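Data block below; observations after.
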Amino acid sequence: MNKRYRDKTYSGWMGKMIGVVHGANIEGWTRETIESTFGEIRDYPFRFTNFCADDDINGPAFFQRAVLDYGAEAGQQEMADTFLNYVSDGHGFFWWGGYGVSTEHTAYQNLVEGVPPERSGSAELNGEVLANQIGGQIFSDCWGLACPGNPEKAAALAERMASLTHDQEGLQGARFIAAAIAAAFDAESVEEILDQAFAQLSPESAYAAMARDVRSFAEAHREDWRLCFDYVKEHYDYRFYQGVCHIIPNAAVIVLALVTGRGSFHDTINIAAMCGWDTDCNEGNLGTILGVYCGIEGIPKEWLPQIHDLVICSGSLGGLNIQTVPQLAETTLRAAKILEKTEGAGKAYQEKDPEDALWKRILGKPEGQYFHFQFLESTHGIRTRNLPDCPGLVRNTQECAFIGNRSLKIVHPVFGNSHWFDVCFRTYYGPEDFQDNRYQPDLSPVVYPGDTIRFHYCFGEENKGKKIRVQGYFVNRLDGKQRFVWERAVQIQDGGWKCSEIVIPSEENVLIQEVGVRITGMDVAVREQTAPFLLYLGDVEILSAPDYRVTGEGMLTEIWTAVDTNPAGFSYLRGVAEIYKKALRISGSGKPAEMYTGIINWKDYRLEAAMEPIAGEDHYLLARVQGGMRWYGAGFTVRDGKKYAAILKKNREISALCLIPFEWEWGKVYDCCFKVQGNRLTFLADGKELLDCEDREGFYGNGCVGLGNQRASRTAFREYSVKAL
């Protein structure tokens, strides 16, 4: 895929984020309420310090991983496994409005209970009302982004994924949105986008009939979107459709906004916002379409700072819930590379790419561990901090580069003797960092004790001769303290590129919240003499080597709301995850109850925990967790009334790789160790090796760690540690 298409993939994701954030806090409002409150909307109606997770982002962010996990020919079953792998049961990700009320909740429950994916979202099983709600289209952006220039392929993939939860018009919406996005990569007009998207609809469907009707009226009155919306209300208002959020009225707004917005990113999403109804969903889809069509250059710069290049998700793996827009784009590029091997790859792959070697290197890095700045406007969420009245400036630039042709330019406008500023990125977020708990984002840090952060940088030529102090630091979430790990005095000699590293020490009870560098002026300056300070950041790489221990004293509960709490640093699949009497405790009913921490890139390591089986028959440590459907486990179980030690593997279903009789006891604390190295798995209890085996068939080579049980069990973990091998 050449540079133009890579850049449009990034701008498509950026457009999605802008649209969702723009419409988030006016979701469900009527046009009249919006107009009486804000008048003419030309900007964000609400602003956020950081935007919390949203279902419109969760769906496409995680559904595209079906291609990464199962390949280009992922079928309905593989997509269902992806769905269950990354969606936590009953919290986060979707709106869990109840079985028979929320379409996604209903489909999830169907799949968990064993309904085949061919029926889990069917109107035959769930009824036509649920089948035709809006989710079919709002989660389908990823397929258009992964199939640039190929609307037919994008529509087919979108329908396959959407059929897990929706049917009938819901599937038409999935096809329409994915096809419009795929077409936008090459289209020369909005009319061309609509033509290609219409071609992927069933002509006899209610969705197609509505789209043709609204398009025709809007094209005849494109100067007056209000008149067009009056027409939509007259013919396709919510009052004509059952359910919480039907797809037809909102799809009508999307068609209306595309026509009357006339290819302007700014105008299109503002029109959709002022129409009301499901604003974040409609604007999110429109943001992707226009983001691709306009490119990042066509998105007015004032829309970008609110996003911070940051994406907070709420999937089952906390380590994938803190991402950046470039990271999402790179996941899409990896999926697109896999899909290009199938038929009809589109124009995106027909042009030579002079940057092919560079992008092979970038996409070959572990996901989420390499920050580069090759996308125009990307910052990877890197920020500066100093006094409120003297903020630093962070912008993407082509002035110089360590790799490729771009870098991050950081300017501190007032810098003299003893002045300082931090260049930092957040590796973890707590409830106080958001204004809401939109979709319950259980988060795990992206950096851990033992890791190394390597970065390349250079100083501006105008800073030559200045004396500065440079200090690497991290912030511990558990005590809020900024810890400096190295310090050096520098007299700037030139503007050449240099490399430095921040090594996070291996310690107990540390949860990394922020990593950065502090720069302090040391010149003996004339009184009140200051000048700007300029720094270029070439790239940042996280080298994972976790080595840390958490005791009861280091455990913290994150309180999002009175009824939504979880242990800091952990996400959970289902059950009750809590801190009780200075121990992590996980409790469940009839299904597996599991909690996870770490990142999906961890490979060979040792997980140790002081584990106490309290009640129930299954208690285990988890390693190489890739979600709720794929992991290794080691611990204790009861089978046919007899007690065993076991090493387990979950690949949709749980199976025992090896087990031996072992008379473990309830209420006794065992010092357990689970080692994973290559395809060899070893389990020890109280220093004694109980089990050692190899997984010779499709072994998992990477994944985070976890703690869990199943079959109505309760387990306490008084401390735990992770050490890379």
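By convention here, the chains of the structure tokens are called A, B, ... in the order presented, each chain's residues are numbered starting at 1, and ligands are numbered starting at 1 in the order presented.
The protein and nucleic acid residues lying at most 9 Å from His308 (chain A) are A:Asn50, A:Thr324, A:Val325, A:Ser378, A:Thr379, A:His380, A:Gly381, A:Ile382, A:Arg383, with only C-alpha atoms considered and sequence neighbours fewer than 5 positions away removed.
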Contact residues around Ile57 (chain A) with only C-alpha atoms at 9 Å, ignoring same-chain residues under 6 positions, as a count of residues only
10
List as a PDB file with N, CA, C and O atoms, in the first residue's frame the protein and nucleic acid residues near Cys147 (chain A), meaning an atom at most 7 Å away when only C-alpha atoms are counted, but skip any in the same chain fewer than 6 places from it.
```pdb
ATOM      1  N   LYS A 153     -15.575  -6.010  -1.609  1.00  0.00           N
ATOM      2  CA  LYS A 153     -14.933  -6.810  -0.564  1.00  0.00           C
ATOM      3  C   LYS A 153     -15.246  -6.250   0.817  1.00  0.00           C
ATOM      4  O   LYS A 153     -15.542  -6.996   1.760  1.00  0.00           O
ATOM      5  N   ALA A 154     -15.195  -4.929   0.951  1.00  0.00           N
ATOM      6  CA  ALA A 154     -15.482  -4.294   2.237  1.00  0.00           C
ATOM      7  C   ALA A 154     -16.902  -4.612   2.691  1.00  0.00           C
ATOM      8  O   ALA A 154     -17.144  -4.939   3.856  1.00  0.00           O
ATOM      9  N   ALA A 182     -14.555   2.421   1.684  1.00  0.00           N
ATOM     10  CA  ALA A 182     -13.631   1.841   0.704  1.00  0.00           C
ATOM     11  C   ALA A 182     -13.610   2.671  -0.574  1.00  0.00           C
ATOM     12  O   ALA A 182     -12.542   2.914  -1.164  1.00  0.00           O
ATOM     13  N   ALA A 336      -5.012  -4.955   6.167  1.00  0.00           N
ATOM     14  CA  ALA A 336      -5.112  -4.704   4.729  1.00  0.00           C
ATOM     15  C   ALA A 336      -4.057  -5.489   3.959  1.00  0.00           C
ATOM     16  O   ALA A 336      -4.323  -5.986   2.855  1.00  0.00           O
TER      17      ALA A 336
END
```
Of A:Pro613, A:Gly472, A:Pro546, A:Gly261, the one sitting nearest Val705 (chain A) when using only C-alpha atoms is A:Pro546
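Using only C-alpha atoms for every distance, the candidate list A:Thr49, A:Thr279, A:Thr332, A:Gln137 yields A:Thr49 as the residue closest to Asp436 (chain A).
When only C-alpha atoms are used to compute distances to Asp224 (chain A), the closest of the residues A:Val722, A:Leu691, A:Ala257, A:Ile307 turns out to be A:Ala257.
Among the candidates A:Lys498, A:Arg469, A:Arg226, A:Arg454, the residue lying nearest to Glu541 (chain A) is A:Arg454 (atoms considered: only C-alpha atoms).
Between CA of Tyr86 (chain A) and CA of Gln64 (chain A) the separation is 11.1 Å.
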Can you list, as a list in words, every protein, DNA or RNA residue that comes within 10 Å of Leu194 (chain A) when you count only C-alpha atoms, leaving out same-chain residues fewer than 3 positions away?
Phe176, Ile177, Ala179, Ala180, Ile181, Ala183, Ala184, Ala187, Ser189, Val190, Glu191, Ala197, Phe198, Ala199, Ala211, Arg212, Arg215, Val255, Leu258 and Val259 of chain A
With DSSP run on the backbone, what are the strand (DSSP E) residues within region 434-623 of chain A? I'd like them as a ChimeraX atom specification.
/A:452-459,467-476,482-491,498-503,512-521,531-543,547-550,557-561,564-567,571-574,576-579,584-587,593-597,605-615,618-623
